[in-house]
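Visitor: You'll find start21.cif just under this line, and it carries mmCIF, C-alpha atoms.
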data_input
#
loop_
_atom_site.label_atom_id
_atom_site.label_comp_id
_atom_site.auth_asym_id
_atom_site.auth_seq_id
_atom_site.Cartn_x
_atom_site.Cartn_y
_atom_site.Cartn_z
CA MET A 1 -1.73 -84.99 -28.12
CA SER A 2 -4.29 -86.84 -30.32
CA GLY A 3 -7.85 -88.06 -30.46
CA ALA A 4 -10.95 -86.51 -29.08
CA GLY A 5 -9.32 -85.50 -25.81
CA GLY A 6 -6.54 -83.64 -27.57
CA THR A 7 -8.96 -81.83 -29.81
CA THR A 8 -11.03 -80.77 -26.81
CA ALA A 9 -7.97 -79.45 -24.98
CA VAL A 10 -6.93 -77.38 -27.99
CA ARG A 11 -10.38 -75.87 -28.26
CA LEU A 12 -10.37 -74.98 -24.59
CA LEU A 13 -7.00 -73.25 -24.91
CA ILE A 14 -8.16 -71.22 -27.93
CA ARG A 15 -11.35 -70.19 -26.15
CA ALA A 16 -9.44 -69.19 -23.02
CA SER A 17 -6.96 -67.12 -24.99
CA GLY A 18 -9.83 -65.28 -26.68
CA ASP A 19 -11.31 -64.32 -23.29
CA ILE A 20 -8.09 -62.62 -22.05
CA PRO A 21 -8.62 -58.75 -22.08
CA VAL A 22 -6.16 -56.55 -23.90
CA ASP A 23 -3.99 -54.73 -21.32
CA THR A 24 -3.03 -51.28 -22.69
CA PRO A 25 0.11 -49.79 -21.03
CA ARG A 26 -0.75 -46.97 -18.56
CA VAL A 27 1.80 -44.34 -19.62
CA PRO A 28 0.87 -44.20 -23.34
CA ALA A 29 -2.81 -44.12 -22.39
CA ARG A 30 -2.28 -41.22 -20.02
CA GLU A 31 -0.32 -39.29 -22.63
CA ASP A 32 -3.03 -39.91 -25.24
CA ALA A 33 -5.73 -38.65 -22.88
CA LYS A 34 -3.70 -35.56 -21.97
CA HIS A 35 -3.08 -34.78 -25.63
CA GLU A 36 -6.76 -35.17 -26.41
CA LEU A 37 -7.89 -32.93 -23.56
CA SER A 38 -5.40 -30.22 -24.52
CA LYS A 39 -7.30 -29.48 -27.71
CA PRO A 40 -8.94 -25.99 -27.78
CA MET A 41 -12.38 -27.44 -28.33
CA TYR A 42 -12.42 -28.69 -24.74
CA HIS A 43 -11.49 -25.28 -23.23
CA GLU A 44 -13.76 -22.84 -25.03
CA ASN A 45 -15.87 -22.22 -21.92
CA ASP A 46 -13.06 -22.22 -19.34
CA PRO A 47 -12.84 -19.11 -17.09
CA ASN A 48 -10.12 -16.62 -17.97
CA LEU A 49 -7.04 -15.96 -15.85
CA LEU A 50 -8.67 -13.10 -13.93
CA GLN A 51 -11.76 -15.15 -13.14
CA ARG A 52 -9.63 -18.05 -11.92
CA GLY A 53 -7.67 -15.69 -9.70
CA LEU A 54 -10.88 -14.22 -8.24
CA ASP A 55 -12.27 -17.71 -7.66
CA ARG A 56 -9.15 -18.67 -5.71
CA LEU A 57 -9.31 -15.41 -3.73
CA TRP A 58 -12.93 -15.98 -2.73
CA ASP A 59 -12.15 -19.57 -1.85
CA TRP A 60 -9.32 -18.36 0.39
CA ILE A 61 -11.54 -15.72 2.03
CA GLY A 62 -14.25 -18.32 2.56
CA ASP A 63 -11.77 -20.71 4.18
CA LEU A 64 -10.46 -17.89 6.36
CA LEU A 65 -13.96 -16.89 7.50
CA ASP A 66 -14.85 -20.51 8.18
CA ALA A 67 -11.75 -20.88 10.34
CA ALA A 68 -12.44 -17.58 12.13
CA SER A 69 -16.09 -18.45 12.76
CA GLY A 70 -15.01 -21.76 14.20
CA ALA A 71 -12.57 -20.06 16.57
CA ALA A 72 -14.85 -17.11 17.51
CA PRO A 73 -17.15 -17.50 20.52
CA GLY A 74 -20.67 -18.18 19.31
CA GLY A 75 -19.65 -19.38 15.86
CA PRO A 76 -20.68 -17.31 12.79
CA ALA A 77 -22.94 -15.03 14.83
CA GLY A 78 -20.08 -14.27 17.21
CA LEU A 79 -17.80 -13.49 14.27
CA VAL A 80 -20.35 -11.00 12.89
CA VAL A 81 -20.51 -9.28 16.28
CA LEU A 82 -16.71 -9.06 16.48
CA VAL A 83 -16.52 -7.57 12.97
CA LEU A 84 -19.16 -4.96 13.86
CA ILE A 85 -17.26 -4.05 17.03
CA VAL A 86 -14.00 -3.58 15.08
CA VAL A 87 -15.75 -1.47 12.43
CA GLY A 88 -17.33 0.66 15.17
CA LEU A 89 -13.96 1.22 16.86
CA LEU A 90 -12.34 2.22 13.56
CA ALA A 91 -15.18 4.65 12.81
CA ALA A 92 -14.85 6.17 16.29
CA LEU A 93 -11.09 6.64 15.85
CA TRP A 94 -11.59 8.19 12.41
CA TRP A 95 -14.17 10.62 13.81
CA ARG A 96 -12.00 11.50 16.80
CA LEU A 97 -8.67 11.87 15.02
CA GLY A 98 -9.83 12.88 11.56
CA THR A 99 -8.01 12.11 8.36
CA PRO A 100 -4.35 11.25 9.01
CA ARG A 101 -2.27 14.36 8.64
CA ARG A 102 0.27 14.74 5.94
CA THR A 103 3.88 15.27 6.75
CA ILE A 104 4.54 18.98 7.03
CA ARG A 105 6.42 20.22 3.98
CA SER A 106 7.52 23.59 2.75
CA THR A 107 4.23 23.88 0.84
CA ASP A 108 2.38 23.71 4.18
CA ALA A 109 3.52 27.18 5.17
CA LEU A 110 1.10 29.43 6.99
CA PHE A 111 1.19 32.24 4.42
CA ASP A 112 1.09 32.19 0.66
CA ASP A 113 3.28 34.14 -1.74
CA SER A 114 1.25 37.35 -1.49
CA PRO A 115 1.91 38.85 1.97
CA ARG A 116 -0.86 40.86 3.59
CA SER A 117 -1.15 42.82 6.80
CA ALA A 118 -2.89 41.59 9.93
CA ALA A 119 -5.75 44.00 9.25
CA GLU A 120 -6.22 42.56 5.76
CA HIS A 121 -6.30 39.02 7.11
CA ARG A 122 -8.87 40.04 9.75
CA LYS A 123 -11.03 41.65 7.09
CA ALA A 124 -10.87 38.52 4.97
CA ALA A 125 -11.70 36.36 8.00
CA GLU A 126 -14.78 38.44 8.81
CA ALA A 127 -15.95 38.26 5.20
CA HIS A 128 -15.65 34.45 5.24
CA ALA A 129 -17.45 34.30 8.59
CA ALA A 130 -20.30 36.45 7.27
CA ALA A 131 -20.68 33.93 4.43
CA ARG A 132 -20.46 31.04 6.93
CA ARG A 133 -17.30 29.72 5.32
CA TRP A 134 -15.85 28.69 8.64
CA ASN A 135 -12.81 26.82 7.34
CA GLU A 136 -11.54 29.84 5.45
CA ALA A 137 -12.48 32.14 8.34
CA VAL A 138 -10.37 30.08 10.78
CA GLN A 139 -7.44 30.05 8.37
CA GLU A 140 -7.47 33.81 7.82
CA ARG A 141 -7.87 34.57 11.53
CA MET A 142 -4.87 32.40 12.39
CA ARG A 143 -2.86 34.20 9.75
CA ALA A 144 -3.99 37.51 11.26
CA ILE A 145 -2.71 36.39 14.67
CA VAL A 146 0.73 35.46 13.39
CA ARG A 147 1.02 38.54 11.15
CA SER A 148 0.05 40.78 14.08
CA LEU A 149 2.76 39.21 16.25
CA GLU A 150 5.27 39.82 13.48
CA GLU A 151 4.16 43.43 13.16
CA ARG A 152 4.66 43.84 16.92
CA THR A 153 8.15 42.26 16.56
CA LEU A 154 7.19 39.46 18.93
CA LEU A 155 7.90 37.09 16.06
CA ASP A 156 10.56 37.47 13.42
CA PRO A 157 9.07 37.39 9.91
CA ARG A 158 10.13 34.05 8.48
CA PRO A 159 8.94 32.58 5.18
CA GLY A 160 7.79 28.99 5.37
CA ARG A 161 6.77 29.11 9.03
CA THR A 162 3.95 26.71 9.93
CA ALA A 163 1.10 27.37 12.33
CA ASP A 164 2.57 24.97 14.90
CA GLU A 165 5.96 26.66 14.74
CA ALA A 166 4.39 30.09 15.11
CA ALA A 167 2.39 28.96 18.14
CA ALA A 168 5.46 27.47 19.81
CA GLU A 169 7.54 30.60 19.20
CA ALA A 170 4.78 33.01 20.27
CA GLY A 171 4.18 31.04 23.46
CA ARG A 172 7.57 32.13 24.84
CA PRO A 173 6.86 35.88 25.08
CA LEU A 174 3.16 35.19 25.73
CA PRO A 175 3.17 32.20 28.09
CA ALA A 176 -0.31 32.92 29.46
CA HIS A 177 -1.70 32.32 25.96
CA ALA A 178 0.53 29.40 24.95
CA THR A 179 -2.18 26.75 25.35
CA ARG A 180 -4.71 28.75 23.32
CA LEU A 181 -2.10 29.44 20.64
CA HIS A 182 -1.43 25.73 20.24
CA ALA A 183 -5.19 25.04 20.10
CA ALA A 184 -5.61 27.67 17.36
CA ALA A 185 -2.72 26.19 15.41
CA ARG A 186 -4.30 22.75 15.68
CA ALA A 187 -7.62 24.11 14.44
CA PHE A 188 -5.80 25.67 11.48
CA ASP A 189 -4.04 22.37 10.69
CA ASP A 190 -7.26 20.36 11.06
CA VAL A 191 -9.17 22.38 8.48
CA THR A 192 -6.19 22.92 6.17
CA TYR A 193 -4.54 19.50 6.11
CA GLY A 194 -6.64 17.16 8.24
CA GLY A 195 -9.89 17.17 6.29
CA ARG A 196 -11.89 18.52 9.24
CA THR A 197 -14.73 21.02 8.93
CA ALA A 198 -14.79 24.02 11.27
CA ASP A 199 -17.92 25.56 12.71
CA GLN A 200 -18.86 28.95 14.10
CA GLN A 201 -17.65 28.08 17.59
CA THR A 202 -14.22 27.13 16.29
CA TYR A 203 -13.91 30.46 14.52
CA LEU A 204 -15.08 32.44 17.56
CA VAL A 205 -12.42 30.77 19.73
CA VAL A 206 -9.66 31.79 17.31
CA ARG A 207 -11.12 35.28 16.89
CA ASP A 208 -11.28 35.83 20.66
CA LEU A 209 -7.66 34.76 20.95
CA ASP A 210 -6.71 37.31 18.30
CA LEU A 211 -8.52 40.08 20.20
CA ASP A 212 -6.95 39.06 23.53
CA LEU A 213 -3.46 38.96 22.06
CA GLU A 214 -3.89 42.50 20.78
CA ALA A 215 -4.17 43.70 24.36
CA ALA A 216 -1.69 41.25 25.88
CA LYS A 217 1.64 42.46 27.20
CA PRO A 218 4.56 40.21 26.30
CA LEU A 219 6.88 38.73 28.88
CA LEU A 220 10.24 40.17 27.85
CA THR A 221 13.37 38.16 28.50
CA THR A 222 16.41 39.70 30.18
CA THR A 223 18.12 40.13 26.84
CA ALA A 224 15.10 41.84 25.34
CA GLN A 225 14.73 44.12 28.36
CA GLY A 226 18.36 45.19 28.10
CA ALA A 227 17.95 45.92 24.44
CA ALA A 228 14.84 47.97 25.14
CA GLU A 229 16.69 50.09 27.74
#
Could you take the file, read its structure, and then write that structure out as structure tokens?
Guide:
Amino acid sequence: MSGAGGTTAVRLLIRASGDIPVDTPRVPAREDAKHELSKPMYHENDPNLLQRGLDRLWDWIGDLLDAASGAAPGGPAGLVVLVLIVVGLLAALWWRLGTPRRTIRSTDALFDDSPRSAAEHRKAAEAHAAARRWNEAVQERMRAIVRSLEERTLLDPRPGRTADEAAAEAGRPLPAHATRLHAAARAFDDVTYGGRTADQQTYLVVRDLDLDLEAAKPLLTTTAQGAAE
């Protein structure tokens, strides 16, 4: 290649080669960028692990609520109404049933380690009632009932007996009072283990049962009648 035409062609080739962009390989470029971004100076203001976890939790709750509002009749307003209805039902159940009862254990026995007579329990119940401590009054009156039945030999003295057990056992010789005995035992359990608060009427019901039982005649079984003869 010679002459003016050859010189022109060479110049064109040189100019064209100078216009070609440099093509950097992708993998080394990606690694360089990752290495650069991993430096601490770029992460000084990043949220901590707890904050990131909370952000993900709120995002998940938001997505869940969005999905629920889309499925609920009436959209978001309908979802709010449904939530209020559920909360109202739970509150009604809590008020009706009270705090969930604990499993009865040996520490849930009716009496403590210092035994007292029925008269002493009645005296303590009346003192609590006079001070308007209705929970304690109900407890002591129920203890007076059971201690009185033990003193009359209608119940065998048994350490660790619960109020429910005493009511079930006393209902056999006193069947006419079985329902009221179970109600009194439930009142005792409600104020002792169920987190309920008794009132004056609750105490008067248990007190009246105690007075009626004092005058009640037991229904003796055939075995007991034979032993009495």
Visitor: Have a look at CA of Val87 (chain A) and CA of Asp199 (chain A) and let me know their distance in Å, one decimal.
Guide: 27.1 Å
Visitor: Taking 2 positions as the minimum chain separation for residues in the same chain, which residues sit within 12 Å of Arg186 (chain A) when counting only C-alpha atoms? Answer as number ranges by chain.
Guide: A: 97, 101, 138-139, 142, 162-168, 179-184, 188-194, 196, 198, 202, 206
Visitor: Next, dump the selected residues to file, keeping only C-alpha atoms, as a PDB file, keeping the file's coordinate frame.
Guide:
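Here's the written file out_37.pdb:
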ATOM      1  CA  LEU A  97      -8.670  11.870  15.020  1.00  0.00           C
ATOM      2  CA  ARG A 101      -2.270  14.360   8.640  1.00  0.00           C
ATOM      3  CA  VAL A 138     -10.370  30.080  10.780  1.00  0.00           C
ATOM      4  CA  GLN A 139      -7.440  30.050   8.370  1.00  0.00           C
ATOM      5  CA  MET A 142      -4.870  32.400  12.390  1.00  0.00           C
ATOM      6  CA  THR A 162       3.950  26.710   9.930  1.00  0.00           C
ATOM      7  CA  ALA A 163       1.100  27.370  12.330  1.00  0.00           C
ATOM      8  CA  ASP A 164       2.570  24.970  14.900  1.00  0.00           C
ATOM      9  CA  GLU A 165       5.960  26.660  14.740  1.00  0.00           C
ATOM     10  CA  ALA A 166       4.390  30.090  15.110  1.00  0.00           C
ATOM     11  CA  ALA A 167       2.390  28.960  18.140  1.00  0.00           C
ATOM     12  CA  ALA A 168       5.460  27.470  19.810  1.00  0.00           C
ATOM     13  CA  THR A 179      -2.180  26.750  25.350  1.00  0.00           C
ATOM     14  CA  ARG A 180      -4.710  28.750  23.320  1.00  0.00           C
ATOM     15  CA  LEU A 181      -2.100  29.440  20.640  1.00  0.00           C
ATOM     16  CA  HIS A 182      -1.430  25.730  20.240  1.00  0.00           C
ATOM     17  CA  ALA A 183      -5.190  25.040  20.100  1.00  0.00           C
ATOM     18  CA  ALA A 184      -5.610  27.670  17.360  1.00  0.00           C
ATOM     19  CA  PHE A 188      -5.800  25.670  11.480  1.00  0.00           C
ATOM     20  CA  ASP A 189      -4.040  22.370  10.690  1.00  0.00           C
ATOM     21  CA  ASP A 190      -7.260  20.360  11.060  1.00  0.00           C
ATOM     22  CA  VAL A 191      -9.170  22.380   8.480  1.00  0.00           C
ATOM     23  CA  THR A 192      -6.190  22.920   6.170  1.00  0.00           C
ATOM     24  CA  TYR A 193      -4.540  19.500   6.110  1.00  0.00           C
ATOM     25  CA  GLY A 194      -6.640  17.160   8.240  1.00  0.00           C
ATOM     26  CA  ARG A 196     -11.890  18.520   9.240  1.00  0.00           C
ATOM     27  CA  ALA A 198     -14.790  24.020  11.270  1.00  0.00           C
ATOM     28  CA  THR A 202     -14.220  27.130  16.290  1.00  0.00           C
ATOM     29  CA  VAL A 206      -9.660  31.790  17.310  1.00  0.00           C
TER      30      VAL A 206
END
Visitor: Applying the PyMOL selection byres ((chain A and resi 143) around 8) to the file I just gave you, which residues come out? Please list them as a list in words.
Guide: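 For this structure, the PyMOL selection byres ((chain A and resi 143) around 8) captures Leu110, Phe111, Ala118, His121, Gln139, Glu140, Arg141, Met142, Ala144, Ile145, Val146 and Arg147 of chain A.
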Visitor: Just give me the gap between CA of Gly88 (chain A) and CA of Asp59 (chain A) in Å, one decimal is fine.
Guide: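 Value for the CA of Gly88 (chain A)-CA of Asp59 (chain A) distance: 26.9 Å.
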Visitor: Name the residues within 7 Å of (2.2, 35.9, 19.8), counting all atoms listed in the file in the file's coordinates, and put them as JSON, numbers by chain.
Guide: {"A": [146, 149, 154, 155, 170, 171, 174, 213]}
Visitor: Could you tell me which of A:Pro115, A:His177, A:Ala131, A:Leu64 comes closest to Leu211 (chain A) if we count all atoms listed in the file?
Guide: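 Smallest distance to Leu211 (chain A) is found for A:His177.
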Visitor: Find the residue from A:Gln200, A:Leu50, A:Asp66, A:Gly160 that sits nearest to Glu136 (chain A); use only C-alpha atoms when measuring.
Guide: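 Comparing A:Gln200, A:Leu50, A:Asp66, A:Gly160 against Glu136 (chain A), the winner is A:Gln200.
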Visitor: Taking only C-alpha atoms into account, name the residue in A:Ala137, A:Ala130, A:Leu220, A:Leu90 that is nearest to Ala187 (chain A).
Guide: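 Nearest candidate to Ala187 (chain A) out of A:Ala137, A:Ala130, A:Leu220, A:Leu90: A:Ala137.
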Visitor: One decimal, Å: what's the distance from CA of Ala92 (chain A) over to CA of Ala185 (chain A), could you say?
Guide: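 Those two atoms sit 23.4 Å apart.
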